[in-house]
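Dropping data_17.txt in here (compact mmCIF, C-alpha atoms):
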# COMPACT_ATOMS: atom_id res chain seq x y z
CA MET U 1 197.34 121.05 32.25
CA ALA U 2 195.50 120.55 28.93
CA ALA U 3 192.88 123.27 28.92
CA GLY U 4 190.19 124.01 26.39
CA ALA U 5 188.41 127.34 26.12
CA GLY U 6 185.98 126.18 28.80
CA GLU U 7 188.73 125.50 31.32
CA ILE U 8 190.32 128.87 30.56
CA LEU U 9 186.95 130.49 31.23
CA GLN U 10 186.82 128.85 34.67
CA LEU U 11 190.25 130.29 35.45
CA ILE U 12 188.98 133.75 34.55
CA ARG U 13 185.69 133.34 36.45
CA THR U 14 187.44 132.25 39.63
CA GLY U 15 190.15 134.90 39.36
CA ARG U 16 192.96 132.32 39.25
CA ALA U 17 194.15 133.70 35.90
CA THR U 18 192.77 136.88 34.37
CA THR U 19 195.53 137.87 31.90
CA ARG U 20 196.99 136.00 28.96
CA THR U 21 200.31 135.66 30.76
CA GLN U 22 198.65 134.19 33.84
CA VAL U 23 196.71 131.72 31.68
CA LEU U 24 199.96 130.72 30.00
CA ASP U 25 201.60 130.13 33.39
CA VAL U 26 198.73 128.09 34.82
CA THR U 27 197.92 125.96 31.78
CA GLY U 28 201.35 125.49 30.21
CA LEU U 29 199.76 125.89 26.79
CA SER U 30 201.55 127.63 23.95
CA ARG U 31 201.04 131.32 23.42
CA VAL U 32 199.29 130.66 20.10
CA THR U 33 196.88 128.16 21.64
CA VAL U 34 195.99 130.49 24.52
CA ALA U 35 195.43 133.34 22.07
CA GLN U 36 193.14 131.21 19.90
CA ARG U 37 191.03 130.01 22.80
CA MET U 38 190.73 133.38 24.48
CA ASP U 39 189.89 135.00 21.15
CA ALA U 40 187.09 132.44 20.77
CA LEU U 41 185.72 133.42 24.19
CA LEU U 42 185.92 137.09 23.23
CA ALA U 43 184.22 136.52 19.88
CA ALA U 44 181.41 134.58 21.58
CA GLY U 45 180.78 137.50 23.94
CA ILE U 46 181.58 135.42 27.02
CA ILE U 47 184.54 137.47 28.28
CA ARG U 48 185.66 141.05 27.69
CA ALA U 49 188.74 143.15 28.30
CA ALA U 50 188.55 145.18 31.51
CA GLY U 51 191.63 147.35 31.84
CA ASP U 52 195.10 146.27 32.83
CA GLY U 53 196.19 143.63 35.30
CA GLY U 54 199.48 145.17 36.32
CA ALA U 55 202.90 145.34 34.76
CA THR U 56 204.47 142.21 33.30
CA GLY U 57 208.05 142.56 32.14
CA GLY U 58 207.63 146.29 31.67
CA ARG U 59 204.30 146.00 29.83
CA ARG U 60 200.81 146.44 31.18
CA ALA U 61 198.94 143.12 30.96
CA GLU U 62 195.38 143.26 29.72
CA ARG U 63 192.90 141.82 32.20
CA PHE U 64 189.79 139.86 31.19
CA VAL U 65 186.53 139.31 33.05
CA PHE U 66 183.53 137.03 32.69
CA ASP U 67 180.75 139.21 31.25
CA PRO U 68 178.55 137.14 28.91
CA GLU U 69 175.97 138.59 26.60
CA ASP U 70 172.32 137.46 26.69
CA SER U 71 172.79 135.78 30.05
CA LEU U 72 170.23 137.28 32.42
CA VAL U 73 168.33 134.65 34.38
CA LEU U 74 164.64 134.70 35.25
CA VAL U 75 164.10 133.10 38.65
CA ALA U 76 161.09 132.35 40.82
CA ALA U 77 160.95 130.89 44.32
CA LEU U 78 157.60 129.29 45.14
CA GLU U 79 156.91 129.46 48.86
CA LEU U 80 154.17 127.94 50.99
CA ALA U 81 152.29 130.30 53.27
CA GLU U 82 152.76 130.10 57.01
CA PRO U 83 150.78 127.29 58.60
CA VAL U 84 147.54 127.95 60.45
CA PRO U 85 148.31 127.94 64.19
CA ALA U 86 144.85 126.88 65.35
CA PRO U 87 141.56 125.50 63.97
CA GLY U 88 139.48 128.17 62.33
CA GLY U 89 142.45 130.41 61.61
CA SER U 90 142.83 132.02 58.20
CA ARG U 91 145.65 130.71 56.05
CA ALA U 92 147.94 133.26 54.41
CA THR U 93 148.46 133.19 50.66
CA ASP U 94 151.31 131.25 49.09
CA THR U 95 153.77 133.44 47.21
CA ALA U 96 156.25 133.44 44.37
CA ALA U 97 159.28 135.74 44.61
CA LEU U 98 160.36 136.67 41.07
CA ALA U 99 163.58 138.31 39.94
CA VAL U 100 165.85 139.01 37.01
CA VAL U 101 169.43 138.21 38.03
CA ASP U 102 172.62 139.02 36.16
CA PRO U 103 175.37 136.39 35.63
CA HIS U 104 177.25 137.62 38.71
CA GLY U 105 174.31 137.09 41.06
CA ALA U 106 173.09 140.70 41.29
CA LEU U 107 169.33 141.24 41.28
CA VAL U 108 168.37 143.53 38.39
CA ALA U 109 164.61 143.58 38.94
CA ARG U 110 162.16 141.83 41.24
CA ALA U 111 158.47 141.31 41.86
CA SER U 112 156.15 139.11 43.89
CA LEU U 113 153.05 137.15 43.02
CA ASP U 114 150.33 135.74 45.28
CA VAL U 115 149.45 132.19 44.29
CA ARG U 116 147.74 129.10 45.67
CA LEU U 117 150.00 126.12 45.17
CA ALA U 118 147.10 123.84 46.04
CA ASP U 119 145.41 124.96 42.80
CA GLY U 120 148.00 122.88 40.97
CA PRO U 121 150.48 123.57 38.17
CA GLU U 122 147.79 123.94 35.50
CA THR U 123 146.65 127.14 37.24
CA VAL U 124 149.81 128.41 38.89
CA LEU U 125 152.34 128.10 36.06
CA PRO U 126 150.47 130.20 33.43
CA ARG U 127 150.11 132.98 36.01
CA LEU U 128 153.81 132.71 36.86
CA LEU U 129 154.85 132.90 33.21
CA ASP U 130 152.64 135.94 32.65
CA ALA U 131 154.27 137.54 35.70
CA PHE U 132 157.70 136.88 34.18
CA ASP U 133 156.60 138.68 31.00
CA ALA U 134 155.32 141.61 33.04
CA LEU U 135 158.54 141.78 35.07
CA LEU U 136 160.65 141.98 31.93
CA ALA U 137 158.38 144.60 30.38
CA ASP U 138 158.35 146.75 33.52
CA ALA U 139 162.16 146.59 33.71
CA GLY U 140 162.58 147.39 30.02
CA ILE U 141 164.40 144.11 29.39
CA LYS U 142 163.99 142.32 26.08
CA PRO U 143 163.20 138.57 26.31
CA ALA U 144 166.21 137.93 24.04
CA ALA U 145 168.48 139.02 26.91
CA VAL U 146 167.31 136.05 28.99
CA GLY U 147 169.63 133.06 28.83
CA GLY U 148 167.94 130.81 31.38
CA VAL U 149 165.04 130.30 33.76
CA ALA U 150 165.19 128.64 37.19
CA LEU U 151 162.42 127.83 39.67
CA SER U 152 162.53 126.52 43.23
CA VAL U 153 159.79 124.55 44.96
CA PRO U 154 159.21 123.43 48.57
CA GLY U 155 159.46 119.77 47.70
CA PRO U 156 161.86 117.08 46.44
CA VAL U 157 162.92 117.22 42.79
CA ASP U 158 164.13 114.12 40.98
CA PRO U 159 167.56 114.98 39.49
CA HIS U 160 167.01 112.57 36.58
CA ASP U 161 163.70 113.73 35.10
CA HIS U 162 163.68 117.18 36.81
CA ARG U 163 160.15 116.74 38.12
CA LEU U 164 158.70 116.97 41.58
CA SER U 165 158.72 113.63 43.32
CA ASP U 166 155.48 113.16 45.30
CA PRO U 167 155.76 116.44 47.24
CA PRO U 168 153.67 116.11 50.43
CA VAL U 169 153.05 119.86 50.62
CA MET U 170 152.25 120.31 46.90
CA PRO U 171 149.50 117.83 45.98
CA GLY U 172 148.94 117.59 42.25
CA TRP U 173 152.47 118.69 41.32
CA GLY U 174 154.11 115.26 41.35
CA ALA U 175 155.63 114.32 37.98
CA TRP U 176 154.09 117.39 36.32
CA PRO U 177 156.25 118.65 33.39
CA VAL U 178 157.13 121.99 34.97
CA VAL U 179 160.39 122.38 33.05
CA GLU U 180 158.77 121.60 29.69
CA THR U 181 155.90 124.00 30.40
CA VAL U 182 158.26 126.88 31.14
CA ARG U 183 160.48 126.07 28.17
CA ALA U 184 157.48 126.27 25.85
CA ARG U 185 157.21 129.99 26.76
CA PHE U 186 160.93 130.79 27.09
CA ASP U 187 163.07 128.83 24.66
CA VAL U 188 166.09 128.66 26.99
CA PRO U 189 167.45 126.11 29.46
CA VAL U 190 165.09 125.72 32.44
CA HIS U 191 166.01 124.44 35.90
CA LEU U 192 163.82 123.16 38.74
CA GLU U 193 165.37 122.96 42.20
CA ASN U 194 164.34 122.19 45.74
CA ASP U 195 164.18 125.47 47.69
CA ALA U 196 166.65 124.40 50.39
CA ASP U 197 169.13 123.25 47.73
CA ALA U 198 168.90 126.55 45.85
CA THR U 199 169.22 128.55 49.06
CA ALA U 200 172.25 126.52 50.08
CA TYR U 201 173.92 127.14 46.74
CA GLY U 202 173.27 130.87 46.96
CA GLU U 203 174.82 131.07 50.42
CA TYR U 204 177.68 128.78 49.46
CA THR U 205 178.67 130.75 46.36
CA GLU U 206 178.55 133.97 48.35
CA LEU U 207 180.86 132.44 50.94
CA ALA U 208 183.16 131.05 48.25
CA ALA U 209 183.44 134.48 46.66
CA ARG U 210 184.69 135.91 49.95
CA HIS U 211 187.18 133.18 50.82
CA GLU U 212 189.76 131.64 48.55
CA GLY U 213 190.58 127.96 48.75
CA PRO U 214 189.24 124.64 47.52
CA PRO U 215 185.50 123.92 47.81
CA GLN U 216 184.50 122.61 51.23
CA PRO U 217 181.40 120.61 52.24
CA PHE U 218 178.61 123.01 53.16
CA VAL U 219 175.25 122.49 54.89
CA LEU U 220 172.36 124.93 55.05
CA VAL U 221 169.35 124.33 57.26
CA LYS U 222 166.12 126.09 56.39
CA ALA U 223 164.19 126.47 59.64
CA SER U 224 160.84 128.06 58.95
CA GLY U 225 157.31 126.70 58.78
CA PHE U 226 158.90 123.44 57.74
CA LEU U 227 162.43 122.05 57.99
CA GLY U 228 164.87 121.05 55.28
CA ALA U 229 168.54 121.12 54.45
CA GLY U 230 170.63 121.77 51.36
CA LEU U 231 174.07 120.24 50.83
CA VAL U 232 176.94 121.47 48.67
CA VAL U 233 179.82 119.04 48.14
CA ASP U 234 182.88 119.72 45.96
CA GLY U 235 181.31 123.02 44.91
CA ARG U 236 178.11 121.40 43.57
CA ILE U 237 174.64 120.85 44.98
CA TYR U 238 174.46 117.32 46.31
CA ARG U 239 170.94 116.11 45.53
CA GLY U 240 171.34 112.41 46.24
CA THR U 241 170.24 109.55 44.00
CA ASP U 242 166.59 110.57 43.83
CA GLY U 243 166.64 114.16 45.07
CA GLY U 244 166.16 113.24 48.72
CA ALA U 245 169.49 114.42 50.11
CA GLY U 246 169.13 116.83 53.02
CA ASP U 247 165.55 115.81 53.83
CA ILE U 248 166.10 116.14 57.57
CA GLY U 249 162.46 117.09 58.19
CA HIS U 250 161.43 113.46 57.96
CA VAL U 251 164.04 112.00 60.31
CA ASP U 252 162.27 110.18 63.15
CA VAL U 253 162.92 111.90 66.48
CA GLY U 254 160.07 110.29 68.40
CA GLY U 255 156.80 111.91 69.44
CA ASP U 256 153.17 111.59 68.45
CA ALA U 257 152.71 114.53 66.09
CA VAL U 258 151.46 113.47 62.67
CA CYS U 259 153.61 114.75 59.83
CA ARG U 260 152.32 115.81 56.42
CA CYS U 261 153.94 112.66 55.05
CA GLY U 262 151.56 110.57 57.17
CA ARG U 263 154.12 109.32 59.68
CA ARG U 264 154.46 110.24 63.32
CA GLY U 265 157.48 111.74 65.05
CA CYS U 266 159.15 113.39 62.05
CA LEU U 267 161.50 116.25 62.96
CA ALA U 268 159.39 118.74 60.98
CA ALA U 269 156.23 117.67 62.81
CA GLU U 270 157.94 118.05 66.18
CA ALA U 271 160.26 121.04 65.70
CA GLY U 272 159.26 122.98 62.58
CA GLY U 273 157.52 126.35 62.68
CA ALA U 274 154.13 124.74 62.10
CA ALA U 275 154.73 122.45 65.06
CA LEU U 276 155.74 125.35 67.29
CA LEU U 277 152.66 127.38 66.43
CA ARG U 278 150.45 124.34 67.01
CA ARG U 279 152.01 123.50 70.36
CA LEU U 280 151.81 127.09 71.54
CA ALA U 281 148.15 127.30 70.48
CA GLU U 282 147.41 124.08 72.38
CA ALA U 283 149.06 125.65 75.44
CA GLY U 284 146.75 128.67 75.15
CA ALA U 285 149.25 131.03 73.52
CA ASP U 286 147.84 132.14 70.16
CA VAL U 287 151.05 133.57 68.73
CA GLY U 288 149.45 134.02 65.31
CA SER U 289 152.51 133.79 63.06
CA LEU U 290 156.20 133.05 62.96
CA ALA U 291 156.86 136.79 62.99
CA GLY U 292 154.86 137.00 66.22
CA LEU U 293 156.82 134.08 67.60
CA ARG U 294 160.09 135.84 66.82
CA ALA U 295 158.88 139.01 68.53
CA LEU U 296 157.95 137.08 71.68
CA ALA U 297 161.29 135.27 71.59
CA GLU U 298 163.12 138.60 71.48
CA ARG U 299 161.17 139.69 74.56
CA GLY U 300 162.09 136.52 76.39
CA ASP U 301 158.58 135.08 76.68
CA PRO U 302 159.07 131.97 78.86
CA LEU U 303 156.61 129.70 77.01
CA VAL U 304 158.00 130.61 73.60
CA THR U 305 161.57 130.29 74.85
CA ALA U 306 160.86 126.81 76.21
CA GLU U 307 159.36 125.67 72.89
CA LEU U 308 162.27 127.12 70.92
CA ASP U 309 164.76 125.39 73.23
CA ARG U 310 162.97 122.07 72.73
CA ALA U 311 162.89 122.48 68.94
CA ALA U 312 166.53 123.56 68.76
CA ALA U 313 167.62 120.54 70.79
CA LEU U 314 165.82 118.18 68.40
CA ILE U 315 167.23 119.90 65.33
CA GLY U 316 170.72 119.92 66.84
CA ARG U 317 170.50 116.20 67.57
CA VAL U 318 169.71 115.42 63.93
CA LEU U 319 172.35 117.81 62.62
CA ALA U 320 174.98 116.22 64.86
CA VAL U 321 174.55 113.02 62.87
CA LEU U 322 174.77 114.91 59.57
CA VAL U 323 177.91 116.72 60.73
CA GLY U 324 179.46 113.44 61.81
CA VAL U 325 178.78 111.87 58.41
CA LEU U 326 179.62 114.78 56.11
CA ASN U 327 182.17 116.70 58.23
CA PRO U 328 181.27 120.07 56.65
CA ALA U 329 183.23 123.29 56.98
CA ASP U 330 180.11 125.45 57.36
CA LEU U 331 176.65 124.91 58.78
CA VAL U 332 174.34 127.84 58.05
CA VAL U 333 170.90 128.29 59.59
CA THR U 334 168.35 130.47 57.81
CA GLY U 335 164.61 131.09 57.95
CA GLU U 336 162.10 132.56 60.38
CA LEU U 337 163.33 130.34 63.22
CA ALA U 338 166.98 131.37 62.92
CA VAL U 339 166.76 133.42 66.13
CA PRO U 340 169.62 133.55 68.68
CA ALA U 341 167.98 131.03 71.01
CA VAL U 342 167.59 128.48 68.23
CA MET U 343 171.10 129.10 66.90
CA ALA U 344 172.50 128.55 70.41
CA GLY U 345 170.47 125.38 70.90
CA ILE U 346 171.51 123.94 67.55
CA ARG U 347 175.15 124.76 68.25
CA ALA U 348 174.96 123.05 71.64
CA GLY U 349 173.25 119.98 70.18
CA VAL U 350 175.78 119.61 67.37
CA TYR U 351 178.81 119.96 69.62
CA ALA U 352 177.35 117.60 72.20
CA GLY U 353 176.32 114.94 69.68
CA ALA U 354 179.19 114.94 67.18
CA GLN U 355 182.78 113.87 67.71
CA PRO U 356 185.27 116.70 68.35
CA ARG U 357 187.12 115.71 65.17
CA ALA U 358 184.00 116.50 63.12
CA THR U 359 183.49 119.93 64.71
CA ALA U 360 187.06 121.13 65.18
CA ARG U 361 186.88 123.51 62.21
CA LEU U 362 183.12 123.70 61.82
CA ARG U 363 181.59 127.17 61.52
CA ILE U 364 177.94 127.39 62.63
CA ARG U 365 176.51 130.76 61.63
CA PRO U 366 173.41 132.58 60.41
CA ALA U 367 172.83 133.23 56.72
CA VAL U 368 174.50 136.14 54.93
CA LEU U 369 172.11 136.72 52.02
CA GLY U 370 168.86 136.06 53.86
CA PRO U 371 165.71 135.75 51.70
CA ASP U 372 167.64 136.62 48.53
CA ALA U 373 169.84 133.52 48.81
CA VAL U 374 167.32 131.31 47.01
CA LEU U 375 167.08 133.76 44.08
CA VAL U 376 170.85 134.12 43.82
CA GLY U 377 171.31 130.37 44.11
CA LEU U 378 168.81 129.68 41.34
CA ALA U 379 170.55 132.12 39.01
CA ARG U 380 173.96 130.67 39.72
CA VAL U 381 172.73 127.15 39.04
CA ALA U 382 171.62 128.30 35.59
CA VAL U 383 174.77 130.30 34.86
CA ASP U 384 177.15 127.63 36.12
CA GLU U 385 175.57 124.98 33.92
CA ARG U 386 175.40 127.17 30.83
CA PHE U 387 179.03 128.26 31.23
CA SER U 388 180.57 125.07 32.55
CA ALA U 389 183.80 124.01 30.89
CA GLU U 390 182.03 121.18 29.05
CA ALA U 391 179.17 123.38 27.84
CA VAL U 392 181.50 126.12 26.60
CA ASP U 393 183.77 123.68 24.79
CA ALA U 394 180.75 122.10 23.09
CA ARG U 395 179.43 125.53 22.13
CA LEU U 396 182.72 126.74 20.68
CA GLY U 397 183.60 123.45 19.04
Rewrite the structure from the file as C-alpha cells, please.
Amino acid sequence: MAAGAGEILQLIRTGRATTRTQVLDVTGLSRVTVAQRMDALLAAGIIRAAGDGGATGGRRAERFVFDPEDSLVLVAALELAEPVPAPGGSRATDTAALAVVDPHGALVARASLDVRLADGPETVLPRLLDAFDALLADAGIKPAAVGGVALSVPGPVDPHDHRLSDPPVMPGWGAWPVVETVRARFDVPVHLENDADATAYGEYTELAARHEGPPQPFVLVKASGFLGAGLVVDGRIYRGTDGGAGDIGHVDVGGDAVCRCGRRGCLAAEAGGAALLRRLAEAGADVGSLAGLRALAERGDPLVTAELDRAAALIGRVLAVLVGVLNPADLVVTGELAVPAVMAGIRAGVYAGAQPRATARLRIRPAVLGPDAVLVGLARVAVDERFSAEAVDARLG
C-alpha cells in the first residue's frame, strides 16, 4: 500500500492505525518514510500525540489522534416553518439553527435566528452572517479558529456549481451565489447542502463511529412538513448528477392534491406533514401543528391515526422501490412524523413491497442524533473535504 501523509491521516482518523508501528504494518512503508510523513502531519498541527497505545516489543508505543488546529466549523440549517393547516391561519416563522462544531462533530456553541426565506437571499444572508459573528463573539471564539462554513437548505443543490436549483419552496434563491456571498465574509471553504443530505450524513457518520466495517449504503427519510431523503453510498453523500438524488417527495403516487412543484399526486402533497394538516382540517379536525398531531397520535385519536396510516403506507410503497434499487443496510426515519405508527407503517410497506433479498439485513430505525444530525452532518462534510487524503497531500506537498 503506497500511502502519502493524507492516507496515513485517514488511518489515524478511522482508528485503523494510531501508532507508528501500526502504520508501518498497514502501509508497508519504510520506517523513515512513515516518520517523515507523520512528522509532517504533526508539524502542520493536524495530529498530536495522545499517550501510549500499549506495549510493543517491551516498549510503550506512542498513540496519535486527529486534532487539527483552526478547524472549527460554522454551520447553519435553514428550515421552513410549519405549513398553515387551514385558510386564515397564521404561518410560523422560518428559522436558522446555527452552531460552532469541532472537527469531531461536537457542538461547541449554538444559537437560533428567526428569518423569512421568502424575503430572498439578499435579505436573509446578511442577517445570517451577522448572527455567525455574534455567535463567535458570545462564545469567545476568534474568527481565525474557523476553518470552514457549511449551510443546509430545504431544496435541491446542484453539485457542480453549488447553487440552489429552482427550489419550489424557496422562490428567489435559485442560482443565487450563496457560497460566494458567505466566502466574502469568511475567507474559508464554504459548503451548501440539501438539508436531507446533510442530515443523512450526520446520522451515517454517527452510526459508522459506533460500528466497525466497510461503508454500507444508507438511506435517511426526513418526514416532516415536507418529505425528502438523503443517500450515503460508499461513505459519501450521493447527490446524483444534478443534485436530485433522494427527491422522493415528488414521486407520483396518484391523488389530486396539488404539489408545490405544480404537479398533482406527488408523495409530499399526499403524505407530507402539510398534507396531513390540510386533510385533517378539511375533515373538521384543526390540529394546529405537527406537534399537536404528534400529541393526538400518542393518545390514539382515530382520525389522526387513520391519516398517519394512510401516509405511512404511501411512503413505505415509495421506499420499497428505493430499497429494491439501492439495497441499503440502514433506513432511518427522522422528523416530526417519525412517530411509532408511521415507523410501523413504513416498515410494513417496505417489507411488503421489496424482495426478501433486499430486506434480509435491512435495519429500519428512528434517528439517533435527532435535530442535531443536520448540524453534525454539515460540519463533517466540511471537515472531511478539508482533511481528505488528496487535500492533505496537496497541502503538505
Polymer residues at most 8 Å from Gly228 (chain U), only C-alpha atoms, same-chain spacing of 5 or more positions, as a ChimeraX atom specification: /U:196,221-223,246-249
Please put the answer as lines of an AutoDock Vina configuration file: centre and edge lengths, in Å with one decimal, of a box along x, y and z that encloses all listed atoms of region 117-129 of chain U plus 4 Å on each side.
center_x = 150.1
center_y = 127.9
center_z = 39.6
size_x = 17.4
size_y = 18.1
size_z = 20.8
Atomic distance CA of Gly273 (chain U) - CA of Leu337 (chain U), expressed in Å with one decimal: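 Pair CA of Gly273 (chain U) / CA of Leu337 (chain U) returns 7.1 Å.
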What's the 8 Å shell around Pro68 (chain U), counting all atoms listed in the file, without same-chain residues fewer than 2 positions away, as a VMD selection string? chain U and resid 45 to 47 66 70 to 71 103
Would you please work out which residue, of U:Glu193, U:Leu331, U:Ala313, U:Leu326, is nearest to Leu220 (chain U) when using all atoms listed in the file?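 Smallest separation from Leu220 (chain U) among the options: U:Leu331.
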Pick from U:Ala99, U:Val124, U:Val65, U:Ala360: nearest to Pro328 (chain U), with only C-alpha atoms counted?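 When distances to Pro328 (chain U) are compared using only C-alpha atoms, the smallest one comes from U:Ala360.
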Given all atoms listed in the file as the basis, pick out the residue of U:Arg183, U:Arg317, U:His104, U:Arg239 nearest to Ala354 (chain U). U:Arg317
Close residues, Ala283 (chain U) itself excluded, 10 Å, only C-alpha atoms, min 5 positions apart in chain, as a count of residues only: 3
The distance between CA of Pro302 (chain U) and CA of Gly225 (chain U) is 20.8 Å
Can you measure CA of Val232 (chain U) to CA of Met343 (chain U) for me? One decimal in Å is fine.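 Spanning CA of Val232 (chain U) to CA of Met343 (chain U) is a straight-line distance of 20.6 Å.
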Which of these, U:Cys259, U:Val304, U:Ala352, U:Ala285, has the shortest distance to Gly316 (chain U) once you count all atoms listed in the file?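 Going through U:Cys259, U:Val304, U:Ala352, U:Ala285 one by one, the smallest distance to Gly316 (chain U) is for U:Ala352.
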Would you mind writing region 189-206 of chain U with N, CA and C atoms, as a tab-separated table (two decimals), in the coordinates of the input?
chain	number	residue	atom	x	y	z
U	189	PRO	N	167.36	127.15	28.44
U	189	PRO	CA	167.45	126.11	29.46
U	189	PRO	C	166.65	126.48	30.71
U	190	VAL	N	165.94	125.51	31.27
U	190	VAL	CA	165.09	125.72	32.44
U	190	VAL	C	165.52	124.75	33.54
U	191	HIS	N	165.57	125.24	34.76
U	191	HIS	CA	166.01	124.44	35.90
U	191	HIS	C	164.93	124.44	36.98
U	192	LEU	N	164.75	123.30	37.61
U	192	LEU	CA	163.82	123.16	38.74
U	192	LEU	C	164.60	122.61	39.92
U	193	GLU	N	164.57	123.34	41.04
U	193	GLU	CA	165.37	122.96	42.20
U	193	GLU	C	164.51	122.95	43.46
U	194	ASN	N	164.89	122.12	44.40
U	194	ASN	CA	164.34	122.19	45.74
U	194	ASN	C	164.77	123.52	46.38
U	195	ASP	N	163.88	124.13	47.16
U	195	ASP	CA	164.18	125.47	47.69
U	195	ASP	C	165.37	125.47	48.64
U	196	ALA	N	165.50	124.43	49.47
U	196	ALA	CA	166.65	124.40	50.39
U	196	ALA	C	167.96	124.23	49.62
U	197	ASP	N	167.93	123.42	48.54
U	197	ASP	CA	169.13	123.25	47.73
U	197	ASP	C	169.55	124.57	47.08
U	198	ALA	N	168.58	125.28	46.50
U	198	ALA	CA	168.90	126.55	45.85
U	198	ALA	C	169.40	127.58	46.86
U	199	THR	N	168.78	127.62	48.02
U	199	THR	CA	169.22	128.55	49.06
U	199	THR	C	170.63	128.22	49.51
U	200	ALA	N	170.90	126.93	49.68
U	200	ALA	CA	172.25	126.52	50.08
U	200	ALA	C	173.28	126.94	49.05
U	201	TYR	N	172.95	126.78	47.78
U	201	TYR	CA	173.92	127.14	46.74
U	201	TYR	C	174.15	128.65	46.69
U	202	GLY	N	173.10	129.42	46.91
U	202	GLY	CA	173.27	130.87	46.96
U	202	GLY	C	174.19	131.29	48.09
U	203	GLU	N	173.97	130.74	49.28
U	203	GLU	CA	174.82	131.07	50.42
U	203	GLU	C	176.24	130.56	50.21
U	204	TYR	N	176.36	129.36	49.67
U	204	TYR	CA	177.68	128.78	49.46
U	204	TYR	C	178.51	129.61	48.49
U	205	THR	N	177.91	129.99	47.35
U	205	THR	CA	178.67	130.75	46.36
U	205	THR	C	179.04	132.13	46.88
U	206	GLU	N	178.20	132.69	47.74
U	206	GLU	CA	178.55	133.97	48.35
U	206	GLU	C	179.74	133.79	49.28
